[in-house]
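Colleague: Got a structure for you, questions after.
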Amino acid sequence: MAGPSRCHLLVIFLLQVTSNAFATPTLEGPGNVKDCERQFTEKCGIEVGNSIFNNGFLSDDCCRDLVKLGKPCHDTFLNTSLVALHPSANKAQTLAKGEQIWTECVAIDNSDKHETKPVKECLEKFPPKCGEEIEKSIYQGTVVTDACCRDLVSWGKSCHDIIAERNHDVRHPSVNKAQALASSEKLWNLCAAISRSPASPPSN
């Protein structure tokens, strides 16, 4: 029987799960868990797993790494996780979510080849943490910190609008666009109001 440290590592690895089919992976590319694990970072594995099982945020960078890793590994991770960690999960819903994540990541990876200069310049302004807060606020109704609100306003309305539209078209195409952009506008107005108010002194 594996020792505690080995079991711990296995659990961490199995959290690195993603995607699409519950059938045996194809023979194209890595088909074994250890081969796949060596090509994927723990951080991105956890992001992908959380995006499928907990509706968490998946960064563009980890999406690109997932696509680079390939569909066979994507399927291998999900199959392993469903059996070992989430045996009671609704398989149909999980597989559909995995397919959605894979499709979105492929779209993000493909979009890199066609991003316009304004989009690229705006994306460079958005640090991952604040970008995640802003996107989750628009699509999940979560709260954005005052600090990220002030950063957003400093980046400018035009960049906010450009990224909001890009994120809808690339990352959330199934969401009603008018509603998403209305939520984006509401967030901008809130952040603009916050940026005009005095910053709270740091707590001791």
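Residue numbering restarts at 1 for every chain of the structure tokens, chains are lettered A, B, ... in their displayed order, and ligands are numbered from 1 as they appear.
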Just the residues within 8 Å of Trp188 in chain A, please, counting only C-alpha atoms, with nothing from its chain fewer than 2 positions along; format it as number ranges by chain.

Modeller: A: 153, 157, 160, 184-186, 190-192

Colleague: If DSSP is run on the backbone, what residues of range 2-170 of chain A are alpha helix (DSSP H)? A reply as a PyMOL selection string would be ideal.

Modeller: chain A and resi 4-14+33-37+42-53+60-69+71-84+91-111+117-125+128-140+146-155+157-170

Colleague: How far is it from CA of Cys73 in chain A to CA of Arg38 in chain A, in Å with one decimal?

Modeller: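 That distance, rounded to one decimal, is 10.7 Å.
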
Colleague: Would you pick out the contacts of range 166-169 of chain A at 12 Å or less, using only C-alpha atoms, so that residues sharing its chain but fewer than 4 positions from it are not included, and give the list as a PyMOL selection string?

Modeller: chain A and resi 59-60+104-105+107-108+111-112+114-116+118-120+122-123+131-132+134-136+138-139+159-162+173-184

Colleague: In terms of the shortest atom-to-atom distance over only C-alpha atoms, which of A:Ile46, A:Ala89, A:Lys68, A:Leu187 is closest to Val144 in chain A?

Modeller: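 Of the candidates, the smallest distance to Val144 in chain A is held by A:Leu187.
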
Colleague: What is the distance between CA of Pro127 in chain A and CA of Gly98 in chain A, in Å to one decimal?

Modeller: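 Taking CA of Pro127 in chain A and CA of Gly98 in chain A, their separation equals 25.9 Å.
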
Colleague: Can you tell me, as a compact mmCIF listing (two decimals) with N, CA and C atoms, in the first residue's frame, what residues are no more than 8 Å from Glu47 in chain A when counting only C-alpha atoms, ignoring any on the same chain fewer than 4 positions away?

Modeller:
# COMPACT_ATOMS: atom_id res chain seq x y z
N GLN A 16 -5.86 17.73 -10.61
CA GLN A 16 -5.48 18.35 -11.87
C GLN A 16 -6.30 17.74 -13.00
N LYS A 43 -0.46 24.02 -10.50
CA LYS A 43 -1.33 25.20 -10.44
C LYS A 43 -2.42 25.11 -11.51
N SER A 51 -12.43 24.45 -12.21
CA SER A 51 -13.35 25.03 -13.19
C SER A 51 -14.44 24.03 -13.58
N GLY A 56 -15.01 27.08 -10.89
CA GLY A 56 -13.96 28.06 -10.60
C GLY A 56 -13.47 28.77 -11.85
N PHE A 57 -12.57 29.72 -11.63
CA PHE A 57 -12.02 30.53 -12.72
C PHE A 57 -10.85 29.81 -13.35
N LEU A 58 -10.78 29.85 -14.67
CA LEU A 58 -9.66 29.25 -15.41
C LEU A 58 -8.99 30.34 -16.23
N SER A 59 -7.73 30.59 -15.95
CA SER A 59 -7.00 31.68 -16.61
C SER A 59 -6.69 31.34 -18.06
N CYS A 62 -3.54 29.09 -18.35
CA CYS A 62 -3.74 27.66 -18.09
C CYS A 62 -4.56 27.02 -19.21

Colleague: Glu133 in chain A: which residues within 8 Å, counting only C-alpha atoms, same-chain residues fewer than 6 positions away excluded, as a compact mmCIF listing (two decimals) with N, CA and C atoms, in the first residue's frame?

Modeller:
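Saved as part_9.txt:
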# COMPACT_ATOMS: atom_id res chain seq x y z
N THR A 142 -20.07 38.12 -8.30
CA THR A 142 -19.24 38.24 -7.10
C THR A 142 -18.75 39.68 -6.93
N VAL A 143 -18.17 39.95 -5.78
CA VAL A 143 -17.74 41.32 -5.43
C VAL A 143 -16.31 41.56 -5.91
N VAL A 144 -16.07 42.76 -6.43
CA VAL A 144 -14.72 43.19 -6.80
C VAL A 144 -14.18 44.05 -5.68
N THR A 145 -12.94 43.82 -5.29
CA THR A 145 -12.34 44.63 -4.23
C THR A 145 -12.17 46.08 -4.69
N CYS A 148 -9.04 46.55 -6.85
CA CYS A 148 -9.16 46.17 -8.26
C CYS A 148 -10.06 47.15 -9.01

Colleague: Go ahead and compute the interatomic distance for CA of Arg64 in chain A and CA of Thr80 in chain A, in Å to one decimal.

Modeller: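 Calculated distance between CA of Arg64 in chain A and CA of Thr80 in chain A is 21.6 Å.
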